[in-house]
Every structure is written in C-alpha cells, then in structure tokens.
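These notes concern the structure reproduced below.
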Amino acid sequence: MKSTWLTAAVLWWGATAVHAQQSPELRIESVDGEVSQAEVSLARGYAAVGVELFEELGWTVVEQDDEVVVSILNEITVRLRLGTPFFTWDGIVLQLADAPYRDGSDAFVPLQLLSDFLPRRLPDLYEFDGNGLVLQVGEPTAGDEVQADAEAEEQPVYGPSEYDGVRVVVIDAGHGGADPGALGVGGVREKDVSLRIALELARILRAEPKMEVHLIREDDRFVDLWDRGEIATNLKGERYGLFLSIHGNSFPEQRSTRGFETYFLSEARTEHERRVSAIENAPLRLGGQAANADAEPDLRFILGELRNLDHQHWSALLAEMAQEELDDFHPGPNRGVKQGVLAVLTNALMPSVLVEIGYLSNADESRLMSERAFQTEAADALARSVVRFFERYPPGRGSDR
C-alpha cells in the first residue's frame, strides 16, 4: 500500500506541578517534519478529541443533529451517536468505553476510537504503541484496498430479521413483597412503580401479533433474584425472546442526581456501575448470598457463554434502543447504556436488560415516577423498543456470523 506515514504522539501533561493544570495534547507529525497539535479534552473525565481531527487524518466528517459520520475513500463508514457508547462500523454494532458528546457547537469522540478501534480493525493502516502513546497512521491513496481485520467477519450483522415465528417477552417488575426496593419522597416505593409500568407494558405488547408476553410477578409478591432469570428462560424454551427487568434508581448521597439508564450483563467498568449493581443485588445479602464476578466462577462462566451465544451483543442493542425511546419523552438526562453484574439477569439465557427508569432519591423525579401518565409513557417507550428490537432479532438468513 502506498502510504505517507504519520506519527500521532499523545503527550500526557501533569507529571510535574508545572503542567498539572494543562490539558493533554495530541501531537501529529509527518515524516517530512510537519507538525500539528490538537488538544485532548478531559471535560467528561475521559480523554476525547474533536471530530475535526479525523479530517486531518484523511477522513471525511459529516455532522447531522446528534449523529457523526466519518468515512474514508467511500469504503469504511463509522457512525457515532452523541450520548451513547455504541456505534456502527459498516453496519456492525461496536461499543466504546465512553460516549461521544457535544460541548457547545463542537463534537468530541473518545480517544479510544483512535488508539484502539482503528489499529484493531485497520491493522494495515494504523499501529498504536501503548507504552509510547504513539499512533502510526497511513494515508491510503485512491484505489488502495482498505481491509478490516478478521474480527469484523465474526460480528453479527444487525439487518432486518426474516423470522416469522412467535417471539417471547418476559417482563420483570423489580423487587416486590417484603422487598420494597428504593423508597422515594412521599412514600413512593420502587416495587409499586415497577409493577405498574410492567403491567401496562404487558398490556401494550399483548396487542402485538405473534408476541407472547409473560410477567414474573403480576402482584405484590417476592420472587428470588436468582429465580427470575431461570423462570424467564423456562418460559422462552427453545423459542426466541427477551427479558426486561424494570427498576427505579436511588442515590441518597447525591439527591440532585436524576435521569434514566439501561444495563446489560457484563463486568462493571465504573464505580457508578458497581454501586448500582450492589443496590440491585442487595436482596441476595438477606440470604447470605452474593453476586461478585471475581468471586463467582459460575458467573464468569455465564458471562463467557453469553458472549459465545452472542446474547451480549443483542442485549447491548436492546439497551440502546430502550434508551433512545425513553429519551423521546423523559425529562431527565439520558445517562446512557451501562453494564454490571446483575443477579436478576444472570440466568436469563436470552437478550436481557435492566432499565432504571429514574431516581426515586430525587424529589422531583420521585413525584414524576408516581404519576400514572409517566408510567404509561414509560411503558409505551419500552414497548416501542421491544418492537424495534424484534425487527432485527433473531437474525435472518442473510446475517453473517
């Protein structure tokens, strides 16, 4: 391949007191000595760069509303959406550790896209040295064949589903019975909010053709966390289906926190994800049980099996769709797709998510979540996400695995 090699070196300031207040800097060098620099933003707590940097690297950048599309030689197209870590690479759904965002009129993408995904998917064009924080970038000329690595061929293609059989939806209203879940202002209980939304969601989805809907609980009773996923798996049987668990969040130490987020089963990456996982797994401690990925070899095995069966990819897609639909009506901030070790999801061997519909510890959001109109809108949004999801799942014969 005919290429002009560049070196993009990330110089991390802050090692000394002199540089402690300065932002990191991305330094781009060409072999002929030409040098340019770009600031690396840490405004969201992780390294990100402005999307215009891709233009310097030979990519075409198009921004429209909350979508950013970068492409090169009309052969590789990467589509990112602000506020979600999921993006598509030529139609393949992938995930960043953090989400792209907009600051004023400028769009930023995590530096990980440059340091991780480009070298892995275009190894003939990019090479990254983690020790030296150096990215070697080749500029392809017209006619060069740009090839992604073999990983791209192993990812599922999320095209329209050709399946025409019954799809099973198992809805889980969080907590119940002696376990009230989180408590909100004025005595609002998580178990009540989740049950009302679950009942309304079931009513809506039962009107859909070829959709079989089940509820883990239809009244105020306690169901063991480990049993819920197993019940869902047995109800689904050999058919295609999904599991959706509805909850309310809480953060009493920071009562200003509000918004909605959706989890799928995987190792927690952040302190926030670990905190929410601990809250949702709290009923296990009543019986001396635990849900810890490091301490539970069976759970590590389950996570591995979910990856092998491709349920994690589909769960992540379902979570993203739930966030998108909730974002259309929810007044709180979209807190994005999260992941964690959640006991309620572990035995559900199908695409599965846990939706945190809002923060009961926030006075305004707690009152909102107790209103019937909000509960109906939340159920409508989740129903739309389920219908959209089944337009893609299960994959049709044209999907490439």
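Please note that chains go A, B, ... in the order of the structure tokens, that every chain numbers its residues from 1, and that ligands are numbered from 1 in the order shown.
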Segment 27-268 of chain A: residues DSSP assigns to alpha helix (DSSP H), reported as a VMD selection string: chain A and resid 52 to 56 112 118 to 121 151 to 154 190 to 205 225 to 236
Surrounding residues of segment 99-107 of chain A excluding itself and chain neighbours under 2 positions, 10 Å, only C-alpha atoms, as a list in words: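 Neighbouring residues, sequence-local ones excluded: Ala43, Arg44, Tyr46, Ala48, Val49, Gly50, Val51, Glu52, Glu63, Asp66, Glu67, Val68, Leu80, Arg81, Leu82, Gly83, Thr84, Pro85, Phe86, Phe87, Gln95, Leu96, Ala97, Val109, Pro110, Leu111, Gly336 and Val337 of chain A.
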Selection: 12 Å around Asp380 of chain A, only C-alpha atoms, excl. self and same-chain fewer than 6 positions, as a ChimeraX atom specification: /A:197-205,322,325-326,328-330,373-374,386-387
Residues from last step as file, N, CA and C atoms, as a CSV table (one decimal), in the first residue's frame:
chain,number,residue,atom,x,y,z
A,197,ILE,N,-45.7,-0.1,35.7
A,197,ILE,CA,-45.1,0.0,34.4
A,197,ILE,C,-45.1,-1.3,33.7
A,198,ALA,N,-44.7,-2.4,34.5
A,198,ALA,CA,-44.7,-3.7,33.9
A,198,ALA,C,-46.1,-4.2,33.4
A,199,LEU,N,-47.1,-3.9,34.2
A,199,LEU,CA,-48.4,-4.3,33.8
A,199,LEU,C,-48.9,-3.6,32.6
A,200,GLU,N,-48.6,-2.3,32.5
A,200,GLU,CA,-49.0,-1.5,31.3
A,200,GLU,C,-48.2,-2.0,30.1
A,201,LEU,N,-46.9,-2.3,30.3
A,201,LEU,CA,-46.1,-2.7,29.2
A,201,LEU,C,-46.6,-4.1,28.6
A,202,ALA,N,-47.0,-5.0,29.5
A,202,ALA,CA,-47.6,-6.2,29.1
A,202,ALA,C,-48.9,-6.0,28.3
A,203,ARG,N,-49.7,-5.1,28.8
A,203,ARG,CA,-51.0,-4.9,28.1
A,203,ARG,C,-50.7,-4.4,26.7
A,204,ILE,N,-49.8,-3.5,26.5
A,204,ILE,CA,-49.5,-2.9,25.2
A,204,ILE,C,-48.9,-4.0,24.3
A,205,LEU,N,-48.0,-4.8,24.8
A,205,LEU,CA,-47.3,-5.8,23.9
A,205,LEU,C,-48.2,-6.9,23.5
A,322,ALA,N,-33.8,0.9,24.1
A,322,ALA,CA,-34.6,1.4,25.3
A,322,ALA,C,-34.2,2.8,25.6
A,325,GLU,N,-35.7,5.3,23.1
A,325,GLU,CA,-37.2,5.5,23.2
A,325,GLU,C,-37.5,6.3,24.4
A,326,LEU,N,-36.9,6.0,25.5
A,326,LEU,CA,-37.1,6.8,26.8
A,326,LEU,C,-36.7,8.2,26.6
A,328,ASP,N,-37.1,10.1,24.2
A,328,ASP,CA,-38.1,10.9,23.5
A,328,ASP,C,-39.1,11.6,24.4
A,329,PHE,N,-39.3,11.1,25.6
A,329,PHE,CA,-40.3,11.7,26.5
A,329,PHE,C,-39.8,12.0,27.9
A,330,HIS,N,-38.7,11.4,28.3
A,330,HIS,CA,-38.3,11.5,29.7
A,330,HIS,C,-37.6,12.9,29.9
A,373,ALA,N,-49.6,9.0,34.3
A,373,ALA,CA,-49.2,9.4,33.0
A,373,ALA,C,-47.8,9.1,32.6
A,374,PHE,N,-46.9,9.3,33.6
A,374,PHE,CA,-45.5,9.0,33.4
A,374,PHE,C,-45.3,7.5,33.2
A,386,VAL,N,-39.0,-2.7,22.3
A,386,VAL,CA,-39.2,-4.2,22.1
A,386,VAL,C,-39.6,-4.5,20.7
A,387,VAL,N,-40.5,-3.7,20.1
A,387,VAL,CA,-41.0,-3.9,18.8
A,387,VAL,C,-39.8,-3.7,17.8
Distance criterion (only C-alpha atoms): nearest to His247 of chain A out of A:Thr270, A:Ser194, A:Thr376, A:Asn347: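 When distances to His247 of chain A are compared using only C-alpha atoms, the smallest one comes from A:Ser194.
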Shortest interatomic distance to Asp220 of chain A - which of A:Glu39, A:Glu391, A:Asp116, A:Asp192, counting only C-alpha atoms: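 Under the stated criterion, the closest residue is A:Asp192.
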Residue neighbourhood Leu114 of chain A, 9 Å, only C-alpha atoms, exclusion window fewer than 3 positions, as a list in words: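 Here the answer would be Pro110, Leu111, Phe117, Leu118, Pro119, Tyr126, Phe128 and Leu135 of chain A.
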Residue nearest Arg335 of chain A among A:Pro209, A:Gly45, A:Gly259, A:Pro351 (counting only C-alpha atoms): A:Gly259
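By only C-alpha atoms, and with residues fewer than 5 positions from Ala182 of chain A along its chain excluded, the set lying at most 8 Å from it is Arg189, Glu190, Lys191, Gly248, Asn249, Ser250, Leu360 and Ser361 of chain A.
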Would you mind exporting C-alpha atoms of the selected residues as a tab-separated table (two decimals), in the first residue's frame?
chain	number	residue	atom	x	y	z
A	189	ARG	CA	-41.90	2.56	46.57
A	190	GLU	CA	-39.82	1.14	43.75
A	191	LYS	CA	-41.75	-2.13	43.78
A	248	GLY	CA	-36.10	2.66	39.90
A	249	ASN	CA	-32.68	4.05	40.84
A	250	SER	CA	-31.55	5.76	44.04
A	360	LEU	CA	-36.51	7.92	43.45
A	361	SER	CA	-33.98	9.71	45.64
Among the residues A:Arg367, A:Arg120, A:His175, A:Arg388, the one that comes closest to Glu320 of chain A [using only C-alpha atoms]: A:Arg388
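Distance annotation: of A:Ala343, A:Ala47, A:Ala381, A:Met350, the residue with the minimal separation from Trp226 of chain A is A:Ala343; atom set is only C-alpha atoms.
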One-decimal distance in Å that lies between atom CA of Gly358 of chain A and atom CA of Pro331 of chain A: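 The value is 10.0 Å.
Straight-line separation from atom CA of Trp59 of chain A to atom CA of Leu42 of chain A: 23.4 Å.
The nearest approach to Leu225 of chain A among the residues A:Ala207, A:Leu345, A:Leu195, A:Val78, with only C-alpha atoms taken into account, belongs to A:Leu345.
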Selection: 7 Å around Leu342 of chain A, only C-alpha atoms, excl. self and same-chain fewer than 2 positions, as number ranges by chain: A: 265, 277, 280-281, 340, 344-346
Expected answer as a PyMOL selection string: strand (DSSP E) residues in segment 149-378 of chain A: chain A and resi 167-173+211-215+240-249+260-265+334-340+352-359
